[in-house]
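J.: Just one file: protein.cif, with mmCIF, N, CA, C and O atoms.
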```cif
data_run
#
loop_
_atom_site.label_atom_id
_atom_site.label_comp_id
_atom_site.auth_asym_id
_atom_site.auth_seq_id
_atom_site.Cartn_x
_atom_site.Cartn_y
_atom_site.Cartn_z
N MET A 1 79.82 4.10 94.33
CA MET A 1 79.06 2.98 93.80
C MET A 1 79.94 1.73 93.79
O MET A 1 81.14 1.81 93.62
N ARG A 2 79.30 0.63 93.90
CA ARG A 2 80.01 -0.64 93.87
C ARG A 2 80.26 -1.09 92.43
O ARG A 2 79.38 -0.97 91.57
N PRO A 3 81.44 -1.63 92.16
CA PRO A 3 81.77 -2.04 90.79
C PRO A 3 80.82 -3.09 90.21
O PRO A 3 80.48 -3.03 89.03
N LEU A 4 80.38 -4.04 91.02
CA LEU A 4 79.48 -5.08 90.53
C LEU A 4 78.13 -4.50 90.12
O LEU A 4 77.56 -4.87 89.09
N LEU A 5 77.64 -3.57 90.91
CA LEU A 5 76.37 -2.92 90.60
C LEU A 5 76.48 -2.14 89.28
O LEU A 5 75.58 -2.19 88.44
N ILE A 6 77.59 -1.44 89.10
CA ILE A 6 77.82 -0.69 87.87
C ILE A 6 77.93 -1.65 86.68
O ILE A 6 77.35 -1.41 85.62
N ALA A 7 78.66 -2.74 86.86
CA ALA A 7 78.83 -3.71 85.78
C ALA A 7 77.49 -4.31 85.36
O ALA A 7 77.19 -4.41 84.16
N PHE A 8 76.67 -4.70 86.33
CA PHE A 8 75.36 -5.27 86.01
C PHE A 8 74.46 -4.22 85.36
O PHE A 8 73.68 -4.53 84.46
N GLY A 9 74.57 -2.98 85.80
CA GLY A 9 73.78 -1.91 85.19
C GLY A 9 74.16 -1.66 83.74
O GLY A 9 73.29 -1.53 82.87
N VAL A 10 75.44 -1.62 83.48
CA VAL A 10 75.93 -1.42 82.10
C VAL A 10 75.52 -2.59 81.21
O VAL A 10 75.03 -2.41 80.10
N MET A 11 75.71 -3.82 81.71
CA MET A 11 75.34 -5.00 80.93
C MET A 11 73.83 -5.04 80.67
O MET A 11 73.40 -5.48 79.60
N SER A 12 73.04 -4.58 81.62
CA SER A 12 71.60 -4.56 81.43
C SER A 12 71.21 -3.56 80.34
O SER A 12 70.33 -3.83 79.53
N LEU A 13 71.86 -2.40 80.33
CA LEU A 13 71.58 -1.43 79.27
C LEU A 13 72.00 -1.96 77.90
O LEU A 13 71.28 -1.77 76.91
N VAL A 14 73.13 -2.64 77.86
CA VAL A 14 73.58 -3.24 76.60
C VAL A 14 72.58 -4.31 76.15
O VAL A 14 72.19 -4.35 74.98
N SER A 15 72.15 -5.16 77.07
CA SER A 15 71.18 -6.21 76.73
C SER A 15 69.88 -5.61 76.21
O SER A 15 69.33 -6.09 75.20
N LEU A 16 69.39 -4.59 76.87
CA LEU A 16 68.16 -3.93 76.44
C LEU A 16 68.31 -3.39 75.03
O LEU A 16 67.43 -3.59 74.18
N ALA A 17 69.42 -2.74 74.75
CA ALA A 17 69.66 -2.18 73.42
C ALA A 17 69.77 -3.28 72.36
O ALA A 17 69.22 -3.14 71.26
N VAL A 18 70.42 -4.37 72.69
CA VAL A 18 70.59 -5.46 71.73
C VAL A 18 69.25 -6.15 71.45
O VAL A 18 68.95 -6.50 70.30
N TYR A 19 68.43 -6.34 72.47
CA TYR A 19 67.10 -6.91 72.25
C TYR A 19 66.27 -5.99 71.35
O TYR A 19 65.55 -6.46 70.47
N GLY A 20 66.36 -4.69 71.57
CA GLY A 20 65.65 -3.74 70.71
C GLY A 20 66.15 -3.77 69.28
O GLY A 20 65.36 -3.75 68.33
N ALA A 21 67.46 -3.86 69.12
CA ALA A 21 68.04 -3.92 67.77
C ALA A 21 67.63 -5.21 67.06
O ALA A 21 67.29 -5.19 65.87
N ASP A 22 67.62 -6.32 67.79
CA ASP A 22 67.23 -7.58 67.17
C ASP A 22 65.76 -7.58 66.77
O ASP A 22 65.40 -8.09 65.71
N LYS A 23 64.93 -6.98 67.58
CA LYS A 23 63.50 -6.88 67.22
C LYS A 23 63.33 -6.03 65.97
O LYS A 23 62.56 -6.37 65.07
N ALA A 24 64.05 -4.92 65.88
CA ALA A 24 63.96 -4.06 64.69
C ALA A 24 64.44 -4.82 63.46
O ALA A 24 63.85 -4.71 62.38
N ARG A 25 65.50 -5.59 63.61
CA ARG A 25 66.01 -6.37 62.49
C ARG A 25 65.01 -7.44 62.08
O ARG A 25 64.86 -7.73 60.90
N ALA A 26 64.34 -8.03 63.05
CA ALA A 26 63.35 -9.06 62.74
C ALA A 26 62.19 -8.47 61.94
O ALA A 26 61.68 -9.09 61.00
N GLN A 27 61.76 -7.29 62.34
CA GLN A 27 60.63 -6.65 61.66
C GLN A 27 60.98 -6.23 60.24
O GLN A 27 60.12 -6.22 59.37
N SER A 28 62.24 -5.89 60.00
CA SER A 28 62.65 -5.47 58.66
C SER A 28 63.27 -6.62 57.86
O SER A 28 63.83 -6.39 56.79
N ARG A 29 63.19 -7.83 58.41
CA ARG A 29 63.68 -9.05 57.74
C ARG A 29 65.15 -8.94 57.35
O ARG A 29 65.55 -9.31 56.25
N ARG A 30 65.95 -8.39 58.27
CA ARG A 30 67.39 -8.29 58.05
C ARG A 30 68.11 -9.36 58.86
O ARG A 30 67.51 -10.11 59.62
N TRP A 31 69.44 -9.38 58.73
CA TRP A 31 70.27 -10.31 59.48
C TRP A 31 69.99 -10.17 60.98
O TRP A 31 69.90 -9.06 61.50
N ARG A 32 69.88 -11.30 61.67
CA ARG A 32 69.50 -11.30 63.09
C ARG A 32 70.69 -11.57 63.99
O ARG A 32 71.69 -12.17 63.59
N ILE A 33 70.56 -11.14 65.21
CA ILE A 33 71.55 -11.44 66.24
C ILE A 33 71.27 -12.87 66.73
O ILE A 33 70.12 -13.19 67.03
N PRO A 34 72.28 -13.72 66.81
CA PRO A 34 72.05 -15.10 67.23
C PRO A 34 71.43 -15.20 68.63
O PRO A 34 71.75 -14.40 69.53
N GLU A 35 70.55 -16.18 68.81
CA GLU A 35 69.92 -16.38 70.11
C GLU A 35 70.96 -16.63 71.19
O GLU A 35 70.79 -16.19 72.33
N SER A 36 72.03 -17.33 70.85
CA SER A 36 73.07 -17.62 71.84
C SER A 36 73.70 -16.33 72.36
O SER A 36 74.04 -16.23 73.54
N CYS A 37 73.83 -15.33 71.51
CA CYS A 37 74.38 -14.03 71.92
C CYS A 37 73.41 -13.33 72.87
O CYS A 37 73.83 -12.77 73.90
N LEU A 38 72.13 -13.35 72.56
CA LEU A 38 71.13 -12.73 73.42
C LEU A 38 71.12 -13.40 74.80
O LEU A 38 71.08 -12.72 75.84
N LEU A 39 71.16 -14.72 74.82
CA LEU A 39 71.16 -15.45 76.08
C LEU A 39 72.44 -15.19 76.88
O LEU A 39 72.40 -15.05 78.10
N LEU A 40 73.56 -15.13 76.18
CA LEU A 40 74.84 -14.89 76.86
C LEU A 40 74.88 -13.51 77.50
O LEU A 40 75.40 -13.35 78.61
N LEU A 41 74.33 -12.51 76.83
CA LEU A 41 74.29 -11.17 77.42
C LEU A 41 73.52 -11.17 78.74
O LEU A 41 73.93 -10.54 79.71
N GLY A 42 72.39 -11.87 78.76
CA GLY A 42 71.63 -11.97 80.00
C GLY A 42 72.38 -12.70 81.08
O GLY A 42 72.41 -12.29 82.23
N PHE A 43 73.04 -13.79 80.71
CA PHE A 43 73.76 -14.61 81.68
C PHE A 43 74.97 -13.88 82.26
O PHE A 43 75.30 -14.04 83.43
N LEU A 44 75.62 -13.08 81.44
CA LEU A 44 76.86 -12.42 81.88
C LEU A 44 76.63 -11.08 82.60
O LEU A 44 77.56 -10.28 82.71
N GLY A 45 75.45 -10.84 83.08
CA GLY A 45 75.22 -9.66 83.89
C GLY A 45 74.09 -8.78 83.43
O GLY A 45 73.75 -7.81 84.11
N GLY A 46 73.48 -9.07 82.30
CA GLY A 46 72.43 -8.22 81.78
C GLY A 46 71.04 -8.81 81.86
O GLY A 46 70.18 -8.50 81.03
N ALA A 47 70.78 -9.64 82.85
CA ALA A 47 69.48 -10.32 82.94
C ALA A 47 68.32 -9.34 83.11
O ALA A 47 67.27 -9.51 82.49
N ALA A 48 68.50 -8.32 83.91
CA ALA A 48 67.42 -7.35 84.12
C ALA A 48 67.08 -6.65 82.80
O ALA A 48 65.91 -6.52 82.43
N GLY A 49 68.08 -6.22 82.08
CA GLY A 49 67.87 -5.58 80.79
C GLY A 49 67.28 -6.52 79.76
O GLY A 49 66.44 -6.13 78.95
N ALA A 50 67.71 -7.78 79.80
CA ALA A 50 67.17 -8.77 78.87
C ALA A 50 65.68 -9.00 79.14
O ALA A 50 64.88 -9.07 78.20
N LEU A 51 65.32 -9.13 80.40
CA LEU A 51 63.91 -9.34 80.73
C LEU A 51 63.06 -8.12 80.36
O LEU A 51 61.97 -8.26 79.81
N PHE A 52 63.58 -6.93 80.65
CA PHE A 52 62.86 -5.72 80.24
C PHE A 52 62.75 -5.64 78.73
O PHE A 52 61.72 -5.25 78.19
N GLY A 53 63.82 -6.00 78.03
CA GLY A 53 63.79 -6.00 76.57
C GLY A 53 62.77 -6.97 76.02
O GLY A 53 62.07 -6.67 75.04
N MET A 54 62.67 -8.15 76.64
CA MET A 54 61.67 -9.12 76.21
C MET A 54 60.27 -8.54 76.35
O MET A 54 59.42 -8.71 75.47
N LEU A 55 60.03 -7.86 77.46
CA LEU A 55 58.69 -7.34 77.73
C LEU A 55 58.38 -6.07 76.94
O LEU A 55 57.30 -5.93 76.37
N ILE A 56 59.32 -5.14 76.90
CA ILE A 56 59.09 -3.86 76.22
C ILE A 56 58.93 -4.06 74.72
O ILE A 56 58.01 -3.50 74.10
N PHE A 57 59.82 -4.87 74.13
CA PHE A 57 59.81 -5.05 72.68
C PHE A 57 58.97 -6.26 72.24
O PHE A 57 58.87 -6.54 71.06
N ARG A 58 58.42 -6.98 73.21
CA ARG A 58 57.67 -8.22 72.93
C ARG A 58 58.50 -9.13 72.05
O ARG A 58 58.07 -9.57 70.98
N HIS A 59 59.70 -9.40 72.51
CA HIS A 59 60.67 -10.14 71.71
C HIS A 59 61.13 -11.38 72.46
O HIS A 59 61.55 -11.29 73.61
N LYS A 60 61.01 -12.52 71.83
CA LYS A 60 61.43 -13.82 72.37
C LYS A 60 60.61 -14.24 73.58
O LYS A 60 61.04 -15.07 74.37
N THR A 61 59.43 -13.71 73.74
CA THR A 61 58.60 -14.03 74.91
C THR A 61 57.97 -15.41 74.81
O THR A 61 57.54 -15.95 75.83
N ARG A 62 57.90 -15.99 73.64
CA ARG A 62 57.31 -17.32 73.49
C ARG A 62 58.34 -18.44 73.63
O ARG A 62 57.98 -19.60 73.60
N ARG A 63 59.57 -18.08 73.76
CA ARG A 63 60.64 -19.08 73.91
C ARG A 63 60.85 -19.34 75.39
O ARG A 63 61.38 -18.48 76.12
N TRP A 64 60.47 -20.51 75.86
CA TRP A 64 60.55 -20.81 77.29
C TRP A 64 61.98 -20.73 77.81
O TRP A 64 62.23 -20.33 78.95
N TYR A 65 62.95 -21.09 76.96
CA TYR A 65 64.33 -21.10 77.43
C TYR A 65 64.88 -19.69 77.64
O TYR A 65 65.79 -19.49 78.44
N PHE A 66 64.32 -18.69 76.97
CA PHE A 66 64.72 -17.31 77.25
C PHE A 66 64.26 -16.91 78.65
O PHE A 66 65.00 -16.27 79.40
N TRP A 67 63.03 -17.28 78.99
CA TRP A 67 62.53 -17.00 80.34
C TRP A 67 63.38 -17.74 81.37
O TRP A 67 63.80 -17.14 82.37
N ALA A 68 63.64 -19.01 81.13
CA ALA A 68 64.39 -19.82 82.09
C ALA A 68 65.80 -19.28 82.32
O ALA A 68 66.23 -19.08 83.46
N VAL A 69 66.53 -19.02 81.24
CA VAL A 69 67.91 -18.54 81.37
C VAL A 69 67.95 -17.16 82.01
O VAL A 69 68.76 -16.91 82.92
N ASN A 70 67.08 -16.26 81.57
CA ASN A 70 67.14 -14.89 82.10
C ASN A 70 66.66 -14.81 83.55
O ASN A 70 67.22 -14.05 84.34
N LEU A 71 65.66 -15.60 83.92
CA LEU A 71 65.21 -15.59 85.32
C LEU A 71 66.26 -16.23 86.24
O LEU A 71 66.53 -15.73 87.33
N ALA A 72 66.86 -17.34 85.79
CA ALA A 72 67.93 -17.96 86.58
C ALA A 72 69.13 -17.02 86.69
O ALA A 72 69.74 -16.90 87.76
N SER A 73 69.45 -16.33 85.60
CA SER A 73 70.56 -15.38 85.62
C SER A 73 70.27 -14.21 86.55
O SER A 73 71.14 -13.76 87.30
N LEU A 74 69.03 -13.73 86.52
CA LEU A 74 68.66 -12.65 87.43
C LEU A 74 68.79 -13.09 88.88
O LEU A 74 69.27 -12.32 89.73
N ALA A 75 68.43 -14.33 89.17
CA ALA A 75 68.54 -14.84 90.53
C ALA A 75 70.00 -14.85 90.99
O ALA A 75 70.31 -14.40 92.11
N TRP A 76 70.92 -15.33 90.14
CA TRP A 76 72.32 -15.36 90.59
C TRP A 76 72.90 -13.96 90.67
O TRP A 76 73.74 -13.67 91.53
N GLN A 77 72.46 -13.06 89.79
CA GLN A 77 72.98 -11.70 89.82
C GLN A 77 72.50 -10.95 91.06
O GLN A 77 73.26 -10.21 91.69
N LEU A 78 71.24 -11.14 91.43
CA LEU A 78 70.73 -10.51 92.66
C LEU A 78 71.43 -11.09 93.90
O LEU A 78 71.73 -10.36 94.83
N THR A 79 71.68 -12.39 93.87
CA THR A 79 72.41 -13.01 94.98
C THR A 79 73.83 -12.46 95.08
O THR A 79 74.30 -12.14 96.17
N ALA A 80 74.49 -12.32 93.95
CA ALA A 80 75.85 -11.77 93.94
C ALA A 80 75.85 -10.32 94.45
O ALA A 80 76.75 -9.94 95.22
N LEU A 81 74.85 -9.53 94.06
CA LEU A 81 74.76 -8.16 94.56
C LEU A 81 74.52 -8.13 96.07
O LEU A 81 75.14 -7.34 96.79
N TYR A 82 73.64 -8.98 96.53
CA TYR A 82 73.34 -9.04 97.97
C TYR A 82 74.59 -9.39 98.77
O TYR A 82 74.88 -8.75 99.77
N VAL A 83 75.32 -10.38 98.30
CA VAL A 83 76.54 -10.81 99.00
C VAL A 83 77.59 -9.71 98.95
O VAL A 83 78.26 -9.45 99.96
N SER A 84 77.74 -9.05 97.81
CA SER A 84 78.79 -8.04 97.70
C SER A 84 78.46 -6.75 98.47
O SER A 84 79.36 -6.04 98.88
N LEU A 85 77.18 -6.45 98.61
CA LEU A 85 76.80 -5.22 99.30
C LEU A 85 76.63 -5.39 100.81
O LEU A 85 76.53 -4.41 101.53
N SER A 86 76.61 -6.63 101.27
CA SER A 86 76.44 -6.83 102.73
C SER A 86 77.73 -7.10 103.43
O SER A 86 78.78 -7.04 102.93
#
```
Would it be possible to restate this file's structure as structure tokens?
T.:
Amino acid sequence: MRPLLIAFGVMSLVSLAVYGADKARAQSRRWRIPESCLLLLGFLGGAAGALFGMLIFRHKTRRWYFWAVNLASLAWQLTALYVSLS
């Protein structure tokens, strides 16, 4: 396996878990994970997991900037994978 693919996969799983944890915290009115942390996880390699987390947990879907950052991040991550695998 390629290291970049593994790194993006691990970051996506972490992002998915963090989005789920933040949604659970929101529902129980506990301390929340900062939005900047959620966005940074997506930007640093976990965009696929962040987008799945948004959809699966119905979390942060009304915030346009979450869509913008995660979709732009997914675009650069897919481009980086394409370049590294070819």
J.: Can you list every residue in chain A that DSSP puts in helix (DSSP H, G or I), as a compact mmCIF listing (two decimals) with N, CA, C and O atoms, keeping the file's coordinate frame?
T.:
```
# COMPACT_ATOMS: atom_id res chain seq x y z
N PRO A 3 81.44 -1.63 92.16
CA PRO A 3 81.77 -2.04 90.79
C PRO A 3 80.82 -3.09 90.21
O PRO A 3 80.48 -3.03 89.03
N LEU A 4 80.38 -4.04 91.02
CA LEU A 4 79.48 -5.08 90.53
C LEU A 4 78.13 -4.50 90.12
O LEU A 4 77.56 -4.87 89.09
N LEU A 5 77.64 -3.57 90.91
CA LEU A 5 76.37 -2.92 90.60
C LEU A 5 76.48 -2.14 89.28
O LEU A 5 75.58 -2.19 88.44
N ILE A 6 77.59 -1.44 89.10
CA ILE A 6 77.82 -0.69 87.87
C ILE A 6 77.93 -1.65 86.68
O ILE A 6 77.35 -1.41 85.62
N ALA A 7 78.66 -2.74 86.86
CA ALA A 7 78.83 -3.71 85.78
C ALA A 7 77.49 -4.31 85.36
O ALA A 7 77.19 -4.41 84.16
N PHE A 8 76.67 -4.70 86.33
CA PHE A 8 75.36 -5.27 86.01
C PHE A 8 74.46 -4.22 85.36
O PHE A 8 73.68 -4.53 84.46
N GLY A 9 74.57 -2.98 85.80
CA GLY A 9 73.78 -1.91 85.19
C GLY A 9 74.16 -1.66 83.74
O GLY A 9 73.29 -1.53 82.87
N VAL A 10 75.44 -1.62 83.48
CA VAL A 10 75.93 -1.42 82.10
C VAL A 10 75.52 -2.59 81.21
O VAL A 10 75.03 -2.41 80.10
N MET A 11 75.71 -3.82 81.71
CA MET A 11 75.34 -5.00 80.93
C MET A 11 73.83 -5.04 80.67
O MET A 11 73.40 -5.48 79.60
N SER A 12 73.04 -4.58 81.62
CA SER A 12 71.60 -4.56 81.43
C SER A 12 71.21 -3.56 80.34
O SER A 12 70.33 -3.83 79.53
N LEU A 13 71.86 -2.40 80.33
CA LEU A 13 71.58 -1.43 79.27
C LEU A 13 72.00 -1.96 77.90
O LEU A 13 71.28 -1.77 76.91
N VAL A 14 73.13 -2.64 77.86
CA VAL A 14 73.58 -3.24 76.60
C VAL A 14 72.58 -4.31 76.15
O VAL A 14 72.19 -4.35 74.98
N SER A 15 72.15 -5.16 77.07
CA SER A 15 71.18 -6.21 76.73
C SER A 15 69.88 -5.61 76.21
O SER A 15 69.33 -6.09 75.20
N LEU A 16 69.39 -4.59 76.87
CA LEU A 16 68.16 -3.93 76.44
C LEU A 16 68.31 -3.39 75.03
O LEU A 16 67.43 -3.59 74.18
N ALA A 17 69.42 -2.74 74.75
CA ALA A 17 69.66 -2.18 73.42
C ALA A 17 69.77 -3.28 72.36
O ALA A 17 69.22 -3.14 71.26
N VAL A 18 70.42 -4.37 72.69
CA VAL A 18 70.59 -5.46 71.73
C VAL A 18 69.25 -6.15 71.45
O VAL A 18 68.95 -6.50 70.30
N TYR A 19 68.43 -6.34 72.47
CA TYR A 19 67.10 -6.91 72.25
C TYR A 19 66.27 -5.99 71.35
O TYR A 19 65.55 -6.46 70.47
N GLY A 20 66.36 -4.69 71.57
CA GLY A 20 65.65 -3.74 70.71
C GLY A 20 66.15 -3.77 69.28
O GLY A 20 65.36 -3.75 68.33
N ALA A 21 67.46 -3.86 69.12
CA ALA A 21 68.04 -3.92 67.77
C ALA A 21 67.63 -5.21 67.06
O ALA A 21 67.29 -5.19 65.87
N ASP A 22 67.62 -6.32 67.79
CA ASP A 22 67.23 -7.58 67.17
C ASP A 22 65.76 -7.58 66.77
O ASP A 22 65.40 -8.09 65.71
N LYS A 23 64.93 -6.98 67.58
CA LYS A 23 63.50 -6.88 67.22
C LYS A 23 63.33 -6.03 65.97
O LYS A 23 62.56 -6.37 65.07
N ALA A 24 64.05 -4.92 65.88
CA ALA A 24 63.96 -4.06 64.69
C ALA A 24 64.44 -4.82 63.46
O ALA A 24 63.85 -4.71 62.38
N ARG A 25 65.50 -5.59 63.61
CA ARG A 25 66.01 -6.37 62.49
C ARG A 25 65.01 -7.44 62.08
O ARG A 25 64.86 -7.73 60.90
N ALA A 26 64.34 -8.03 63.05
CA ALA A 26 63.35 -9.06 62.74
C ALA A 26 62.19 -8.47 61.94
O ALA A 26 61.68 -9.09 61.00
N GLN A 27 61.76 -7.29 62.34
CA GLN A 27 60.63 -6.65 61.66
C GLN A 27 60.98 -6.23 60.24
O GLN A 27 60.12 -6.22 59.37
N GLU A 35 70.55 -16.18 68.81
CA GLU A 35 69.92 -16.38 70.11
C GLU A 35 70.96 -16.63 71.19
O GLU A 35 70.79 -16.19 72.33
N SER A 36 72.03 -17.33 70.85
CA SER A 36 73.07 -17.62 71.84
C SER A 36 73.70 -16.33 72.36
O SER A 36 74.04 -16.23 73.54
N CYS A 37 73.83 -15.33 71.51
CA CYS A 37 74.38 -14.03 71.92
C CYS A 37 73.41 -13.33 72.87
O CYS A 37 73.83 -12.77 73.90
N LEU A 38 72.13 -13.35 72.56
CA LEU A 38 71.13 -12.73 73.42
C LEU A 38 71.12 -13.40 74.80
O LEU A 38 71.08 -12.72 75.84
N LEU A 39 71.16 -14.72 74.82
CA LEU A 39 71.16 -15.45 76.08
C LEU A 39 72.44 -15.19 76.88
O LEU A 39 72.40 -15.05 78.10
N LEU A 40 73.56 -15.13 76.18
CA LEU A 40 74.84 -14.89 76.86
C LEU A 40 74.88 -13.51 77.50
O LEU A 40 75.40 -13.35 78.61
N LEU A 41 74.33 -12.51 76.83
CA LEU A 41 74.29 -11.17 77.42
C LEU A 41 73.52 -11.17 78.74
O LEU A 41 73.93 -10.54 79.71
N GLY A 42 72.39 -11.87 78.76
CA GLY A 42 71.63 -11.97 80.00
C GLY A 42 72.38 -12.70 81.08
O GLY A 42 72.41 -12.29 82.23
N PHE A 43 73.04 -13.79 80.71
CA PHE A 43 73.76 -14.61 81.68
C PHE A 43 74.97 -13.88 82.26
O PHE A 43 75.30 -14.04 83.43
N LEU A 44 75.62 -13.08 81.44
CA LEU A 44 76.86 -12.42 81.88
C LEU A 44 76.63 -11.08 82.60
O LEU A 44 77.56 -10.28 82.71
N GLY A 45 75.45 -10.84 83.08
CA GLY A 45 75.22 -9.66 83.89
C GLY A 45 74.09 -8.78 83.43
O GLY A 45 73.75 -7.81 84.11
N GLY A 46 73.48 -9.07 82.30
CA GLY A 46 72.43 -8.22 81.78
C GLY A 46 71.04 -8.81 81.86
O GLY A 46 70.18 -8.50 81.03
N ALA A 47 70.78 -9.64 82.85
CA ALA A 47 69.48 -10.32 82.94
C ALA A 47 68.32 -9.34 83.11
O ALA A 47 67.27 -9.51 82.49
N ALA A 48 68.50 -8.32 83.91
CA ALA A 48 67.42 -7.35 84.12
C ALA A 48 67.08 -6.65 82.80
O ALA A 48 65.91 -6.52 82.43
N GLY A 49 68.08 -6.22 82.08
CA GLY A 49 67.87 -5.58 80.79
C GLY A 49 67.28 -6.52 79.76
O GLY A 49 66.44 -6.13 78.95
N ALA A 50 67.71 -7.78 79.80
CA ALA A 50 67.17 -8.77 78.87
C ALA A 50 65.68 -9.00 79.14
O ALA A 50 64.88 -9.07 78.20
N LEU A 51 65.32 -9.13 80.40
CA LEU A 51 63.91 -9.34 80.73
C LEU A 51 63.06 -8.12 80.36
O LEU A 51 61.97 -8.26 79.81
N PHE A 52 63.58 -6.93 80.65
CA PHE A 52 62.86 -5.72 80.24
C PHE A 52 62.75 -5.64 78.73
O PHE A 52 61.72 -5.25 78.19
N GLY A 53 63.82 -6.00 78.03
CA GLY A 53 63.79 -6.00 76.57
C GLY A 53 62.77 -6.97 76.02
O GLY A 53 62.07 -6.67 75.04
N MET A 54 62.67 -8.15 76.64
CA MET A 54 61.67 -9.12 76.21
C MET A 54 60.27 -8.54 76.35
O MET A 54 59.42 -8.71 75.47
N LEU A 55 60.03 -7.86 77.46
CA LEU A 55 58.69 -7.34 77.73
C LEU A 55 58.38 -6.07 76.94
O LEU A 55 57.30 -5.93 76.37
N ILE A 56 59.32 -5.14 76.90
CA ILE A 56 59.09 -3.86 76.22
C ILE A 56 58.93 -4.06 74.72
O ILE A 56 58.01 -3.50 74.10
N TRP A 64 60.47 -20.51 75.86
CA TRP A 64 60.55 -20.81 77.29
C TRP A 64 61.98 -20.73 77.81
O TRP A 64 62.23 -20.33 78.95
N TYR A 65 62.95 -21.09 76.96
CA TYR A 65 64.33 -21.10 77.43
C TYR A 65 64.88 -19.69 77.64
O TYR A 65 65.79 -19.49 78.44
N PHE A 66 64.32 -18.69 76.97
CA PHE A 66 64.72 -17.31 77.25
C PHE A 66 64.26 -16.91 78.65
O PHE A 66 65.00 -16.27 79.40
N TRP A 67 63.03 -17.28 78.99
CA TRP A 67 62.53 -17.00 80.34
C TRP A 67 63.38 -17.74 81.37
O TRP A 67 63.80 -17.14 82.37
N ALA A 68 63.64 -19.01 81.13
CA ALA A 68 64.39 -19.82 82.09
C ALA A 68 65.80 -19.28 82.32
O ALA A 68 66.23 -19.08 83.46
N VAL A 69 66.53 -19.02 81.24
CA VAL A 69 67.91 -18.54 81.37
C VAL A 69 67.95 -17.16 82.01
O VAL A 69 68.76 -16.91 82.92
N ASN A 70 67.08 -16.26 81.57
CA ASN A 70 67.14 -14.89 82.10
C ASN A 70 66.66 -14.81 83.55
O ASN A 70 67.22 -14.05 84.34
N LEU A 71 65.66 -15.60 83.92
CA LEU A 71 65.21 -15.59 85.32
C LEU A 71 66.26 -16.23 86.24
O LEU A 71 66.53 -15.73 87.33
N ALA A 72 66.86 -17.34 85.79
CA ALA A 72 67.93 -17.96 86.58
C ALA A 72 69.13 -17.02 86.69
O ALA A 72 69.74 -16.90 87.76
N SER A 73 69.45 -16.33 85.60
CA SER A 73 70.56 -15.38 85.62
C SER A 73 70.27 -14.21 86.55
O SER A 73 71.14 -13.76 87.30
N LEU A 74 69.03 -13.73 86.52
CA LEU A 74 68.66 -12.65 87.43
C LEU A 74 68.79 -13.09 88.88
O LEU A 74 69.27 -12.32 89.73
N ALA A 75 68.43 -14.33 89.17
CA ALA A 75 68.54 -14.84 90.53
C ALA A 75 70.00 -14.85 90.99
O ALA A 75 70.31 -14.40 92.11
N TRP A 76 70.92 -15.33 90.14
CA TRP A 76 72.32 -15.36 90.59
C TRP A 76 72.90 -13.96 90.67
O TRP A 76 73.74 -13.67 91.53
N GLN A 77 72.46 -13.06 89.79
CA GLN A 77 72.98 -11.70 89.82
C GLN A 77 72.50 -10.95 91.06
O GLN A 77 73.26 -10.21 91.69
N LEU A 78 71.24 -11.14 91.43
CA LEU A 78 70.73 -10.51 92.66
C LEU A 78 71.43 -11.09 93.90
O LEU A 78 71.73 -10.36 94.83
N THR A 79 71.68 -12.39 93.87
CA THR A 79 72.41 -13.01 94.98
C THR A 79 73.83 -12.46 95.08
O THR A 79 74.30 -12.14 96.17
N ALA A 80 74.49 -12.32 93.95
CA ALA A 80 75.85 -11.77 93.94
C ALA A 80 75.85 -10.32 94.45
O ALA A 80 76.75 -9.94 95.22
N LEU A 81 74.85 -9.53 94.06
CA LEU A 81 74.76 -8.16 94.56
C LEU A 81 74.52 -8.13 96.07
O LEU A 81 75.14 -7.34 96.79
N TYR A 82 73.64 -8.98 96.53
CA TYR A 82 73.34 -9.04 97.97
C TYR A 82 74.59 -9.39 98.77
O TYR A 82 74.88 -8.75 99.77
N VAL A 83 75.32 -10.38 98.30
CA VAL A 83 76.54 -10.81 99.00
C VAL A 83 77.59 -9.71 98.95
O VAL A 83 78.26 -9.45 99.96
N SER A 84 77.74 -9.05 97.81
CA SER A 84 78.79 -8.04 97.70
C SER A 84 78.46 -6.75 98.47
O SER A 84 79.36 -6.04 98.88
N LEU A 85 77.18 -6.45 98.61
CA LEU A 85 76.80 -5.22 99.30
C LEU A 85 76.63 -5.39 100.81
O LEU A 85 76.53 -4.41 101.53
```
J.: Choose the residue, out of A:Asp22, A:Leu41, A:His59, A:Met54, that has the smallest atom-to-atom separation from Ser73 (chain A); count only C-alpha atoms.
T.: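 Nearest candidate to Ser73 (chain A) out of A:Asp22, A:Leu41, A:His59, A:Met54: A:Leu41.
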J.: Got a sec: who's within 8 Å of region 11-14 of chain A, counting all atoms listed in the file, leaving out chain neighbours fewer than 2 positions off, as a list in words?
T.: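 In the requested format, the answer is Leu4, Leu5, Ile6, Ala7, Phe8, Gly9, Leu16, Ala17, Val18, Tyr19, Gly20, Ala21, Leu41, Gly42, Leu44, Gly45, Gly46, Ala47, Ala48, Gly49, Ala50, Leu51, Phe52 and Gly53 of chain A.
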J.: Considering only N, CA, C and O atoms, return as a list in words whatever protein or nucleic-acid residues lie within 7 Å of Phe43 (chain A), sequence-local ones (same chain, fewer than 3 positions apart) excluded.
T.: Cys37, Leu38, Leu39, Leu40, Gly46, Ala47, Val69, Asn70, Ser73 and Leu74 of chain A
J.: Tell me which of A:Pro3, A:Phe57, A:Ser84, A:Leu71 sits closest to Ala24 (chain A), counting all atoms listed in the file.
T.: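 Ranked by minimum distance to Ala24 (chain A), first place goes to A:Phe57.
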J.: Would you mind reading off the distance between CA of Arg63 (chain A) and CA of Glu35 (chain A), one decimal, in Å?
T.: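 Computing it gives 10.4 Å between the two atoms.
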J.: Would you work out the distance separating CA of Leu85 (chain A) from CA of Val10 (chain A), expressed in Å to one decimal?
T.: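 Here the two named atoms are 17.6 Å from each other.
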J.: What is the atom N of Ile56 (chain A) to atom C of Ala26 (chain A) distance in Å?
T.: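 Calculated distance between atom N of Ile56 (chain A) and atom C of Ala26 (chain A) is 15.6 Å.
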J.: Ranking A:Ala80, A:Ile33, A:Ser15, A:Lys23 by minimum distance to Lys60 (chain A) and counting only C-alpha atoms, which one comes first?
T.: A:Lys23
